[in-house]
file structure27.pdb (PDB, C-alpha atoms)
ATOM      1  CA  MET A   1       1.351  -1.722  26.356
ATOM      2  CA  ARG A   2       2.856   1.714  26.673
ATOM      3  CA  ALA A   3       1.091   4.111  29.013
ATOM      4  CA  SER A   4       1.747   7.176  26.933
ATOM      5  CA  PHE A   5       3.063   8.380  23.601
ATOM      6  CA  ARG A   6       5.368  11.324  23.056
ATOM      7  CA  GLU A   7       3.947  13.480  20.272
ATOM      8  CA  ARG A   8       5.980  15.820  18.093
ATOM      9  CA  GLY A   9       7.113  18.788  20.144
ATOM     10  CA  GLY A  10       7.213  16.781  23.373
ATOM     11  CA  VAL A  11       3.484  16.942  24.189
ATOM     12  CA  MET A  12       2.078  13.799  25.768
ATOM     13  CA  TYR A  13      -1.182  12.250  24.529
ATOM     14  CA  PRO A  14      -1.900   9.190  26.705
ATOM     15  CA  HIS A  15      -4.817   7.963  24.570
ATOM     16  CA  ILE A  16      -2.693   7.539  21.455
ATOM     17  CA  ALA A  17      -0.811   4.566  22.873
ATOM     18  CA  TRP A  18      -3.818   2.303  23.295
ATOM     19  CA  GLN A  19      -5.372   3.413  20.000
ATOM     20  CA  LEU A  20      -2.125   2.633  18.201
ATOM     21  CA  GLU A  21      -1.912  -0.761  19.891
ATOM     22  CA  ALA A  22      -5.524  -1.475  18.930
ATOM     23  CA  MET A  23      -4.774  -0.642  15.301
ATOM     24  CA  ILE A  24      -1.783  -2.981  15.262
ATOM     25  CA  ALA A  25      -3.802  -5.725  16.956
ATOM     26  CA  ALA A  26      -6.472  -5.388  14.262
ATOM     27  CA  ILE A  27      -3.814  -5.693  11.544
ATOM     28  CA  VAL A  28      -2.337  -8.805  13.166
ATOM     29  CA  ALA A  29      -5.794 -10.360  13.498
ATOM     30  CA  ARG A  30      -6.420 -10.072   9.753
ATOM     31  CA  ARG A  31      -3.154 -11.456   8.407
ATOM     32  CA  PRO A  32      -1.042 -14.540   9.178
ATOM     33  CA  LEU A  33       2.064 -12.608  10.210
ATOM     34  CA  LEU A  34       3.304  -9.095  10.871
ATOM     35  CA  THR A  35       7.079  -8.972  10.979
ATOM     36  CA  ARG A  36       8.802  -7.092  13.755
ATOM     37  CA  PRO A  37      10.322  -4.375  11.490
ATOM     38  CA  THR A  38       6.900  -3.478  10.078
ATOM     39  CA  GLU A  39       5.308  -3.504  13.515
ATOM     40  CA  GLN A  40       8.062  -1.262  14.897
ATOM     41  CA  ALA A  41       7.686   1.136  11.980
ATOM     42  CA  LEU A  42       3.923   1.408  12.532
ATOM     43  CA  ARG A  43       4.581   2.320  16.158
ATOM     44  CA  ALA A  44       7.342   4.792  15.331
ATOM     45  CA  VAL A  45       5.377   6.628  12.611
ATOM     46  CA  PRO A  46       1.887   7.324  14.018
ATOM     47  CA  ARG A  47      -0.807   7.540  11.385
ATOM     48  CA  HIS A  48      -2.417  10.683  12.796
ATOM     49  CA  TRP A  49       0.611  12.739  11.741
ATOM     50  CA  PHE A  50      -0.476  12.199   8.141
ATOM     51  CA  VAL A  51      -4.287  12.281   8.305
ATOM     52  CA  PRO A  52      -5.947  15.566   7.228
ATOM     53  CA  PRO A  53      -7.911  17.501   9.886
ATOM     54  CA  VAL A  54     -11.046  17.270   7.745
ATOM     55  CA  GLY A  55     -11.919  14.389   5.464
ATOM     56  CA  GLU A  56     -14.101  11.371   4.785
ATOM     57  CA  SER A  57     -13.638   8.062   6.535
ATOM     58  CA  LEU A  58     -14.501   5.223   4.146
ATOM     59  CA  GLU A  59     -16.591   2.590   5.912
ATOM     60  CA  GLY A  60     -16.349  -1.112   5.096
ATOM     61  CA  ASP A  61     -19.856  -1.231   3.616
ATOM     62  CA  GLY A  62     -19.083   1.442   1.022
ATOM     63  CA  ARG A  63     -20.508   4.364   3.002
ATOM     64  CA  SER A  64     -18.431   7.344   4.118
ATOM     65  CA  ALA A  65     -18.526   9.578   7.175
ATOM     66  CA  LEU A  66     -17.260  13.137   7.497
ATOM     67  CA  ILE A  67     -14.583  13.572  10.166
ATOM     68  CA  ASP A  68     -13.379  16.896  11.556
ATOM     69  CA  ARG A  69     -10.650  17.115  14.178
ATOM     70  CA  GLU A  70     -11.786  20.547  15.385
ATOM     71  CA  THR A  71     -15.541  20.023  15.694
ATOM     72  CA  ASP A  72     -15.544  16.360  16.786
ATOM     73  CA  PRO A  73     -12.093  15.236  18.007
ATOM     74  CA  PRO A  74     -13.191  11.822  19.411
ATOM     75  CA  ALA A  75     -14.732  10.780  16.086
ATOM     76  CA  TRP A  76     -11.634  11.980  14.228
ATOM     77  CA  TRP A  77      -9.279   9.993  16.462
ATOM     78  CA  ASP A  78     -11.473   6.906  16.251
ATOM     79  CA  ALA A  79     -11.463   7.093  12.445
ATOM     80  CA  VAL A  80      -7.687   7.542  12.299
ATOM     81  CA  TYR A  81      -7.014   4.369  14.262
ATOM     82  CA  ALA A  82     -10.058   2.300  13.317
ATOM     83  CA  GLY A  83      -8.361   0.895  10.243
ATOM     84  CA  ARG A  84     -10.284   2.744   7.529
ATOM     85  CA  ALA A  85      -9.042   4.606   4.471
ATOM     86  CA  ILE A  86      -9.468   8.376   4.786
ATOM     87  CA  VAL A  87      -9.869  10.823   1.905
ATOM     88  CA  ALA A  88      -9.199  14.564   2.133
ATOM     89  CA  ASP A  89     -11.108  17.317   0.328
ATOM     90  CA  ASP A  90      -8.363  17.536  -2.309
ATOM     91  CA  GLY A  91      -8.811  13.849  -3.136
ATOM     92  CA  CYS A  92      -5.612  12.753  -1.420
ATOM     93  CA  SER A  93      -6.096   9.559   0.550
ATOM     94  CA  CYS A  94      -4.463   7.882   3.514
ATOM     95  CA  PRO A  95      -4.870   4.156   2.802
ATOM     96  CA  ALA A  96      -6.240   1.641   5.280
ATOM     97  CA  PRO A  97      -3.572   0.396   7.719
ATOM     98  CA  CYS A  98      -4.158  -3.262   6.830
ATOM     99  CA  ALA A  99      -3.489  -2.588   3.148
ATOM    100  CA  VAL A 100      -0.390  -0.565   4.004
ATOM    101  CA  ALA A 101       0.946  -3.395   6.183
ATOM    102  CA  ASP A 102       0.216  -5.990   3.479
ATOM    103  CA  LEU A 103       2.160  -4.095   0.825
ATOM    104  CA  LEU A 104       5.105  -3.392   3.138
ATOM    105  CA  GLU A 105       5.298  -7.074   4.052
ATOM    106  CA  LEU A 106       5.291  -8.039   0.367
ATOM    107  CA  LEU A 107       8.027  -5.525  -0.426
ATOM    108  CA  CYS A 108      10.033  -6.411   2.717
ATOM    109  CA  PRO A 109      12.356  -3.368   2.604
ATOM    110  CA  ALA A 110      15.553  -3.768   4.624
ATOM    111  CA  PRO A 111      18.063  -1.341   6.135
ATOM    112  CA  GLY A 112      20.400   0.128   3.549
ATOM    113  CA  GLN A 113      18.129  -0.502   0.568
ATOM    114  CA  ARG A 114      17.014   2.081  -1.963
ATOM    115  CA  VAL A 115      13.270   2.255  -2.637
ATOM    116  CA  LEU A 116      11.136   4.051  -5.200
ATOM    117  CA  GLU A 117       7.597   4.862  -4.089
ATOM    118  CA  VAL A 118       5.037   5.760  -6.736
ATOM    119  CA  GLY A 119       2.234   7.828  -5.216
ATOM    120  CA  THR A 120       3.318   9.845  -2.165
ATOM    121  CA  ARG A 121      -0.274  10.559  -1.074
ATOM    122  CA  THR A 122      -0.241  11.968   2.477
ATOM    123  CA  GLY A 123       3.317  10.737   3.076
ATOM    124  CA  TRP A 124       2.495   8.074   5.689
ATOM    125  CA  THR A 125       3.747   5.116   3.656
ATOM    126  CA  THR A 126       6.745   7.212   2.591
ATOM    127  CA  ALA A 127       7.677   7.779   6.232
ATOM    128  CA  LEU A 128       7.224   4.090   7.016
ATOM    129  CA  LEU A 129       9.548   3.178   4.145
ATOM    130  CA  CYS A 130      12.139   5.658   5.413
ATOM    131  CA  ARG A 131      11.979   4.019   8.820
ATOM    132  CA  LEU A 132      12.326   0.524   7.369
ATOM    133  CA  VAL A 133      15.354   1.270   5.166
ATOM    134  CA  GLY A 134      17.020   3.344   7.865
ATOM    135  CA  ARG A 135      17.794   6.468   5.865
ATOM    136  CA  SER A 136      15.281   9.015   4.569
ATOM    137  CA  GLY A 137      17.488   9.836   1.600
ATOM    138  CA  SER A 138      17.299   6.240   0.392
ATOM    139  CA  VAL A 139      13.606   6.656  -0.423
ATOM    140  CA  THR A 140      12.479   8.411  -3.605
ATOM    141  CA  SER A 141       8.773   9.207  -3.801
ATOM    142  CA  ILE A 142       6.851  10.533  -6.804
ATOM    143  CA  GLU A 143       3.463  12.275  -6.676
ATOM    144  CA  ALA A 144       1.605  13.432  -9.791
ATOM    145  CA  ASP A 145      -0.600  16.019  -8.051
ATOM    146  CA  ALA A 146       1.361  19.130  -7.067
ATOM    147  CA  THR A 147      -1.097  20.128  -4.324
ATOM    148  CA  VAL A 148      -1.013  16.668  -2.767
ATOM    149  CA  ALA A 149       2.779  16.599  -3.037
ATOM    150  CA  GLU A 150       3.087  19.947  -1.262
ATOM    151  CA  GLN A 151       1.007  18.793   1.699
ATOM    152  CA  ALA A 152       2.868  15.489   1.868
ATOM    153  CA  ALA A 153       6.171  17.366   1.996
ATOM    154  CA  LYS A 154       4.874  19.412   4.936
ATOM    155  CA  ASN A 155       3.689  16.285   6.732
ATOM    156  CA  LEU A 156       7.018  14.543   6.230
ATOM    157  CA  ALA A 157       9.073  17.557   7.289
ATOM    158  CA  ALA A 158       6.985  17.910  10.464
ATOM    159  CA  ALA A 159       7.678  14.229  11.182
ATOM    160  CA  GLY A 160      11.408  14.827  10.774
ATOM    161  CA  THR A 161      11.572  12.683   7.638
ATOM    162  CA  LEU A 162      13.244  13.986   4.484
ATOM    163  CA  PRO A 163      12.975  11.580   1.533
ATOM    164  CA  HIS A 164      13.732  12.630  -2.032
ATOM    165  CA  LEU A 165      10.359  13.982  -3.234
ATOM    166  CA  ILE A 166       9.413  14.494  -6.873
ATOM    167  CA  VAL A 167       6.331  15.928  -8.543
ATOM    168  CA  GLY A 168       5.750  14.081 -11.779
ATOM    169  CA  ASP A 169       4.361  11.094 -13.653
ATOM    170  CA  GLY A 170       5.150   7.991 -11.648
ATOM    171  CA  THR A 171       4.565   5.602 -14.546
ATOM    172  CA  ALA A 172       7.977   6.622 -15.881
ATOM    173  CA  GLY A 173       9.651   5.931 -12.553
ATOM    174  CA  TRP A 174      12.685   8.061 -11.739
ATOM    175  CA  ALA A 175      15.769   6.860 -13.590
ATOM    176  CA  GLU A 176      18.112   9.462 -12.080
ATOM    177  CA  ARG A 177      18.254   7.609  -8.753
ATOM    178  CA  ALA A 178      18.062   4.060 -10.103
ATOM    179  CA  PRO A 179      18.751   1.229  -9.639
ATOM    180  CA  TYR A 180      16.366   0.520  -6.795
ATOM    181  CA  ASP A 181      16.118  -2.500  -4.541
ATOM    182  CA  GLY A 182      12.357  -2.170  -4.581
ATOM    183  CA  VAL A 183       9.466  -0.248  -6.122
ATOM    184  CA  HIS A 184       6.320   0.339  -4.080
ATOM    185  CA  ALA A 185       3.172   1.636  -5.809
ATOM    186  CA  THR A 186       0.439   2.990  -3.541
ATOM    187  CA  TYR A 187      -2.292   3.015  -6.182
ATOM    188  CA  SER A 188      -3.958   0.198  -8.074
ATOM    189  CA  VAL A 189      -2.573  -0.755 -11.472
ATOM    190  CA  ARG A 190      -3.842  -3.051 -14.192
ATOM    191  CA  THR A 191      -0.614  -2.970 -16.182
ATOM    192  CA  VAL A 192       2.784  -2.621 -14.505
ATOM    193  CA  PRO A 193       4.896   0.000 -16.301
ATOM    194  CA  TYR A 194       8.082  -1.553 -17.637
ATOM    195  CA  ALA A 195      10.048   1.469 -16.388
ATOM    196  CA  TRP A 196       9.575   0.162 -12.836
ATOM    197  CA  ILE A 197      11.154  -3.143 -13.851
ATOM    198  CA  ALA A 198      13.996  -1.542 -15.782
ATOM    199  CA  GLN A 199      14.908   0.682 -12.841
ATOM    200  CA  THR A 200      15.007  -2.188 -10.315
ATOM    201  CA  ARG A 201      18.147  -4.268  -9.800
ATOM    202  CA  PRO A 202      18.062  -8.022 -10.527
ATOM    203  CA  GLY A 203      16.587  -9.724  -7.499
ATOM    204  CA  GLY A 204      14.717  -6.572  -6.525
ATOM    205  CA  VAL A 205      10.976  -6.489  -5.889
ATOM    206  CA  VAL A 206       8.109  -4.488  -7.395
ATOM    207  CA  VAL A 207       4.871  -4.366  -5.386
ATOM    208  CA  ALA A 208       1.579  -2.769  -6.438
ATOM    209  CA  PRO A 209      -2.120  -3.028  -5.557
ATOM    210  CA  TYR A 210      -4.241  -4.633  -8.259
ATOM    211  CA  GLY A 211      -7.962  -4.419  -8.942
ATOM    212  CA  GLY A 212     -10.398  -6.297  -6.752
ATOM    213  CA  GLY A 213      -8.498  -5.943  -3.485
ATOM    214  CA  HIS A 214      -5.359  -7.817  -4.475
ATOM    215  CA  ALA A 215      -1.663  -7.056  -4.639
ATOM    216  CA  LEU A 216       0.998  -8.093  -7.112
ATOM    217  CA  ARG A 217       4.581  -8.933  -6.122
ATOM    218  CA  LEU A 218       7.121  -9.211  -8.914
ATOM    219  CA  VAL A 219      10.764 -10.259  -8.650
ATOM    220  CA  VAL A 220      13.090  -8.798 -11.290
ATOM    221  CA  GLY A 221      15.294 -11.285 -13.119
ATOM    222  CA  PRO A 222      18.789 -10.830 -14.586
ATOM    223  CA  ASP A 223      17.310 -10.760 -18.107
ATOM    224  CA  GLY A 224      15.323  -7.567 -17.456
ATOM    225  CA  THR A 225      11.971  -9.315 -17.066
ATOM    226  CA  ALA A 226       9.952  -9.749 -13.865
ATOM    227  CA  GLY A 227       7.453 -12.277 -12.628
ATOM    228  CA  GLY A 228       5.372 -13.084  -9.589
ATOM    229  CA  ARG A 229       1.972 -13.923  -8.188
ATOM    230  CA  PHE A 230      -1.075 -12.183  -6.749
ATOM    231  CA  SER A 231      -1.949 -12.033  -3.071
ATOM    232  CA  PRO A 232      -5.269 -10.963  -1.549
ATOM    233  CA  LEU A 233      -5.000  -7.861   0.614
ATOM    234  CA  ALA A 234      -6.197  -8.213   4.198
ATOM    235  CA  THR A 235      -8.993  -5.779   3.377
ATOM    236  CA  THR A 236     -10.417  -8.063   0.677
ATOM    237  CA  LYS A 237     -14.019  -9.016   1.401
ATOM    238  CA  ARG A 238     -16.449 -11.161  -0.500
ATOM    239  CA  THR A 239     -19.137  -9.104  -2.148
ATOM    240  CA  GLY A 240     -21.581 -11.995  -2.056
ATOM    241  CA  PRO A 241     -21.867 -15.791  -2.191
ATOM    242  CA  ASP A 242     -20.990 -15.795  -5.903
ATOM    243  CA  SER A 243     -17.992 -13.490  -5.675
ATOM    244  CA  PRO A 244     -15.052 -15.226  -3.964
ATOM    245  CA  PRO A 245     -11.653 -13.519  -4.300
ATOM    246  CA  GLY A 246     -10.532 -15.741  -7.177
ATOM    247  CA  ALA A 247     -13.587 -14.855  -9.243
ATOM    248  CA  VAL A 248     -13.159 -11.148  -8.505
ATOM    249  CA  LEU A 249      -9.540 -11.290  -9.632
ATOM    250  CA  ALA A 250     -10.484 -13.209 -12.771
ATOM    251  CA  GLY A 251     -12.966 -10.465 -13.615
ATOM    252  CA  HIS A 252     -10.216  -7.860 -13.484
ATOM    253  CA  VAL A 253      -7.816 -10.031 -15.463
ATOM    254  CA  LEU A 254     -10.337 -10.647 -18.231
ATOM    255  CA  ALA A 255     -11.575  -7.016 -18.153
ATOM    256  CA  GLY A 256     -14.922  -7.702 -19.814
ATOM    257  CA  ARG A 257     -13.538  -9.856 -22.617
ATOM    258  CA  HIS A 258     -15.309 -12.983 -21.364
ATOM    259  CA  ASP A 259     -17.980 -14.081 -18.915
ATOM    260  CA  ALA A 260     -15.525 -13.943 -16.011
ATOM    261  CA  GLY A 261     -17.555 -16.042 -13.593
ATOM    262  CA  ARG A 262     -18.122 -18.826 -16.100
ATOM    263  CA  THR A 263     -14.517 -18.760 -17.300
ATOM    264  CA  TRP A 264     -13.218 -18.824 -13.722
ATOM    265  CA  ALA A 265     -15.406 -21.874 -13.023
ATOM    266  CA  GLU A 266     -14.071 -23.572 -16.175
ATOM    267  CA  TRP A 267     -10.544 -22.964 -14.896
ATOM    268  CA  GLY A 268     -11.408 -24.945 -11.756
ATOM    269  CA  GLU A 269     -12.276 -21.990  -9.503
ATOM    270  CA  PRO A 270      -8.633 -21.098  -8.760
ATOM    271  CA  GLU A 271      -7.704 -19.004  -5.745
ATOM    272  CA  PRO A 272      -5.904 -15.686  -6.393
ATOM    273  CA  GLU A 273      -2.498 -17.144  -5.487
ATOM    274  CA  ARG A 274      -2.605 -19.386  -8.569
ATOM    275  CA  PHE A 275      -2.570 -16.371 -10.877
ATOM    276  CA  GLY A 276       0.661 -14.651 -11.804
ATOM    277  CA  VAL A 277       2.143 -11.998 -14.066
ATOM    278  CA  THR A 278       5.219 -11.715 -16.256
ATOM    279  CA  VAL A 279       6.392  -8.277 -17.394
ATOM    280  CA  THR A 280       8.842  -7.910 -20.292
ATOM    281  CA  PRO A 281       9.924  -4.989 -22.495
ATOM    282  CA  GLY A 282       7.233  -6.168 -24.899
ATOM    283  CA  GLY A 283       4.348  -6.070 -22.441
ATOM    284  CA  GLN A 284       2.563  -7.894 -19.640
ATOM    285  CA  ARG A 285       1.100 -11.406 -19.519
ATOM    286  CA  VAL A 286      -1.228 -12.787 -16.847
ATOM    287  CA  TRP A 287      -1.010 -16.535 -16.342
ATOM    288  CA  LEU A 288      -2.582 -19.330 -14.319
ATOM    289  CA  ASP A 289      -0.382 -21.816 -12.430
ATOM    290  CA  SER A 290       2.640 -21.338 -14.716
ATOM    291  CA  PRO A 291       3.925 -18.653 -17.101
ATOM    292  CA  GLU A 292       3.206 -20.983 -20.022
ATOM    293  CA  ARG A 293      -0.557 -20.897 -19.396
ATOM    294  CA  VAL A 294      -1.377 -17.329 -20.404
ATOM    295  CA  VAL A 295      -4.941 -16.191 -19.608
ATOM    296  CA  GLY A 296      -4.778 -12.413 -19.937
TER
END
call {"tool": "encode", "arguments": {"input": "structure27.pdb", "output": "structure tokens"}}
result
Amino acid sequence: MRASFRERGGVMYPHIAWQLEAMIAAIVARRPLLTRPTEQALRAVPRHWFVPPVGESLEGDGRSALIDRETDPPAWWDAVYAGRAIVADDGCSCPAPCAVADLLELLCPAPGQRVLEVGTRTGWTTALLCRLVGRSGSVTSIEADATVAEQAAKNLAAAGTLPHLIVGDGTAGWAERAPYDGVHATYSVRTVPYAWIAQTRPGGVVVAPYGGGHALRLVVGPDGTAGGRFSPLATTKRTGPDSPPGAVLAGHVLAGRHDAGRTWAEWGEPEPERFGVTVTPGGQRVWLDSPERVVG
């Protein structure tokens, strides 16, 4: 473990090193594997650079706690590296580290690739993507909220990272810099916009969070369609004895059209990994086990 960490401007903060290591250890403990590139990126791009000085730390039980770097620095630092999502007064959020790591591992960005990020938020994931692809200019990030985008740009500039930032509607992607090797959405979607598929090269990957604590990974085919399966995020927790992850996902897939719990049981209580999605120019289909068995 490193004894110290060199902060921006050359100032040394010895406590950051062990807090950062603790955060990474917590991520590793909750997932089967954390690849070396992702682990190195998490170390090279400290989360506290992108967390607002005042905000709410979202606890695992649904409660929230106010954090303020000026009035209570220890609590602020603990929240930053304790693995919780943090929301600023303007509504901008810094997602939980475990969820960030899960999505990066699903996308698996490599040096030299071009990536589109939809939802810049505080800029932390943007900076991680820049680190993983090796060149800031290879990352294009879109943020719909102008105020959030402005703060993210300041955060990224202070970190010495200069991706291509856009203020606009991310559902339309950004065709001017396409094709991309990957598209990374930071917010939950129920329907994947076809623009993300159309702007990704064949063989490229589209990753997005999905309702109920799951993520969707789609691989784009040469025919302009994309398909893939769901994966539970490391932050997924059972809400009770009758709500396993598969049932929760089924509820989001069916979206109130059926008794989700009963239907899920009739399907044989499938785990989330058995569900998948196909996206075509004509729309999106959710399937179970194979694309031929459409369920949503």
call {"tool": "residues_near_point", "arguments": {"input": "structure27.pdb", "point": "(14.8, 6.0, 6.7)", "cutoff": "12 Å", "atoms": "only C-alpha atoms", "output": "VMD selection string"}}
result
chain A and resid 41 44 to 45 109 to 115 125 to 140 156 159 to 164
call {"tool": "atom_distance", "arguments": {"input": "structure27.pdb", "atom1": "atom CA of A:Val28", "atom2": "atom CA of A:Leu288"}}
result
29.4 Å
call {"tool": "residues_around", "arguments": {"input": "structure27.pdb", "residues": "A:Gly224", "least_positions_apart": "6", "cutoff": "12 Å", "atoms": "only C-alpha atoms", "output": "list in words"}}
result
Tyr194, Ala195, Trp196, Ile197, Ala198, Gln199, Thr200, Arg201, Pro202, Gly203, Gly204, Leu218, Thr278, Val279, Thr280, Pro281 and Gly282 of chain A
call {"tool": "closest_residue", "arguments": {"input": "structure27.pdb", "among": "A:Asp223, A:Glu105, A:Glu273, A:Glu117", "to": "A:Ala185", "atoms": "only C-alpha atoms"}}
result
A:Glu117
call {"tool": "residues_near_point", "arguments": {"input": "structure27.pdb", "point": "(-3.1, -4.1, -15.2)", "cutoff": "8 Å", "atoms": "all atoms listed in the file", "output": "PyMOL selection string"}}
result
chain A and resi 189-192+210-211+253
call {"tool": "resolve_selection", "arguments": {"input": "structure27.pdb", "expression": "the PyMOL selection byres ((chain A and resi 144-148) around 10)", "output": "list in words"}}
result
Ala88, Asp90, Gly91, Cys92, Ser93, Val118, Gly119, Thr120, Arg121, Thr122, Gly123, Ile142, Glu143, Ala149, Glu150, Gln151, Ala152, Ala153, Ile166, Val167, Gly168, Asp169, Gly170 and Thr171 of chain A
call {"tool": "write_last_selection", "arguments": {"input": "structure27.pdb", "atoms": "C-alpha atoms", "output": "PDB file, in the frame of the given file"}}
result
ATOM      1  CA  ALA A  88      -9.199  14.564   2.133  1.00  0.00           C
ATOM      2  CA  ASP A  90      -8.363  17.536  -2.309  1.00  0.00           C
ATOM      3  CA  GLY A  91      -8.811  13.849  -3.136  1.00  0.00           C
ATOM      4  CA  CYS A  92      -5.612  12.753  -1.420  1.00  0.00           C
ATOM      5  CA  SER A  93      -6.096   9.559   0.550  1.00  0.00           C
ATOM      6  CA  VAL A 118       5.037   5.760  -6.736  1.00  0.00           C
ATOM      7  CA  GLY A 119       2.234   7.828  -5.216  1.00  0.00           C
ATOM      8  CA  THR A 120       3.318   9.845  -2.165  1.00  0.00           C
ATOM      9  CA  ARG A 121      -0.274  10.559  -1.074  1.00  0.00           C
ATOM     10  CA  THR A 122      -0.241  11.968   2.477  1.00  0.00           C
ATOM     11  CA  GLY A 123       3.317  10.737   3.076  1.00  0.00           C
ATOM     12  CA  ILE A 142       6.851  10.533  -6.804  1.00  0.00           C
ATOM     13  CA  GLU A 143       3.463  12.275  -6.676  1.00  0.00           C
ATOM     14  CA  ALA A 149       2.779  16.599  -3.037  1.00  0.00           C
ATOM     15  CA  GLU A 150       3.087  19.947  -1.262  1.00  0.00           C
ATOM     16  CA  GLN A 151       1.007  18.793   1.699  1.00  0.00           C
ATOM     17  CA  ALA A 152       2.868  15.489   1.868  1.00  0.00           C
ATOM     18  CA  ALA A 153       6.171  17.366   1.996  1.00  0.00           C
ATOM     19  CA  ILE A 166       9.413  14.494  -6.873  1.00  0.00           C
ATOM     20  CA  VAL A 167       6.331  15.928  -8.543  1.00  0.00           C
ATOM     21  CA  GLY A 168       5.750  14.081 -11.779  1.00  0.00           C
ATOM     22  CA  ASP A 169       4.361  11.094 -13.653  1.00  0.00           C
ATOM     23  CA  GLY A 170       5.150   7.991 -11.648  1.00  0.00           C
ATOM     24  CA  THR A 171       4.565   5.602 -14.546  1.00  0.00           C
TER      25      THR A 171
END
call {"tool": "atom_distance", "arguments": {"input": "structure27.pdb", "atom1": "atom CA of A:Arg69", "atom2": "atom CA of A:Ala22"}}
result
19.9 Å
call {"tool": "atom_distance", "arguments": {"input": "structure27.pdb", "atom1": "atom CA of A:Tyr180", "atom2": "atom CA of A:Val205"}}
result
8.9 Å
call {"tool": "closest_residue", "arguments": {"input": "structure27.pdb", "among": "A:Leu104, A:Ala178, A:Val277, A:Ala234", "to": "A:Val207", "atoms": "all atoms listed in the file"}}
result
A:Leu104
call {"tool": "closest_residue", "arguments": {"input": "structure27.pdb", "among": "A:Val54, A:Leu233, A:Ala85, A:Ala99", "to": "A:Pro245", "atoms": "only C-alpha atoms"}}
result
A:Leu233
call {"tool": "closest_residue", "arguments": {"input": "structure27.pdb", "among": "A:Trp124, A:Trp76, A:Trp267, A:Phe50", "to": "A:Val295", "atoms": "all atoms listed in the file"}}
result
A:Trp267
call {"tool": "closest_residue", "arguments": {"input": "structure27.pdb", "among": "A:Ala29, A:Leu42, A:Met23, A:Leu107", "to": "A:Val80", "atoms": "all atoms listed in the file"}}
result
A:Met23
call {"tool": "residues_around", "arguments": {"input": "structure27.pdb", "residues": "A:Gly296", "least_positions_apart": "6", "cutoff": "12 Å", "atoms": "only C-alpha atoms", "output": "ChimeraX atom specification"}}
result
/A:190-191,249-258,260,263,275-278,283-288
call {"tool": "write_last_selection", "arguments": {"input": "structure27.pdb", "atoms": "C-alpha atoms", "output": "mmCIF file, in the coordinates of the input"}}
result
data_model
loop_
_atom_site.group_PDB
_atom_site.id
_atom_site.type_symbol
_atom_site.label_atom_id
_atom_site.label_comp_id
_atom_site.auth_asym_id
_atom_site.auth_seq_id
_atom_site.Cartn_x
_atom_site.Cartn_y
_atom_site.Cartn_z
ATOM 1 C CA ARG A 190 -3.842 -3.051 -14.192
ATOM 2 C CA THR A 191 -0.614 -2.970 -16.182
ATOM 3 C CA LEU A 249 -9.540 -11.290 -9.632
ATOM 4 C CA ALA A 250 -10.484 -13.209 -12.771
ATOM 5 C CA GLY A 251 -12.966 -10.465 -13.615
ATOM 6 C CA HIS A 252 -10.216 -7.860 -13.484
ATOM 7 C CA VAL A 253 -7.816 -10.031 -15.463
ATOM 8 C CA LEU A 254 -10.337 -10.647 -18.231
ATOM 9 C CA ALA A 255 -11.575 -7.016 -18.153
ATOM 10 C CA GLY A 256 -14.922 -7.702 -19.814
ATOM 11 C CA ARG A 257 -13.538 -9.856 -22.617
ATOM 12 C CA HIS A 258 -15.309 -12.983 -21.364
ATOM 13 C CA ALA A 260 -15.525 -13.943 -16.011
ATOM 14 C CA THR A 263 -14.517 -18.760 -17.300
ATOM 15 C CA PHE A 275 -2.570 -16.371 -10.877
ATOM 16 C CA GLY A 276 0.661 -14.651 -11.804
ATOM 17 C CA VAL A 277 2.143 -11.998 -14.066
ATOM 18 C CA THR A 278 5.219 -11.715 -16.256
ATOM 19 C CA GLY A 283 4.348 -6.070 -22.441
ATOM 20 C CA GLN A 284 2.563 -7.894 -19.640
ATOM 21 C CA ARG A 285 1.100 -11.406 -19.519
ATOM 22 C CA VAL A 286 -1.228 -12.787 -16.847
ATOM 23 C CA TRP A 287 -1.010 -16.535 -16.342
ATOM 24 C CA LEU A 288 -2.582 -19.330 -14.319
#
call {"tool": "closest_residue", "arguments": {"input": "structure27.pdb", "among": "A:Ala25, A:Pro95, A:Gly227, A:Thr35", "to": "A:Glu56", "atoms": "all atoms listed in the file"}}
result
A:Pro95
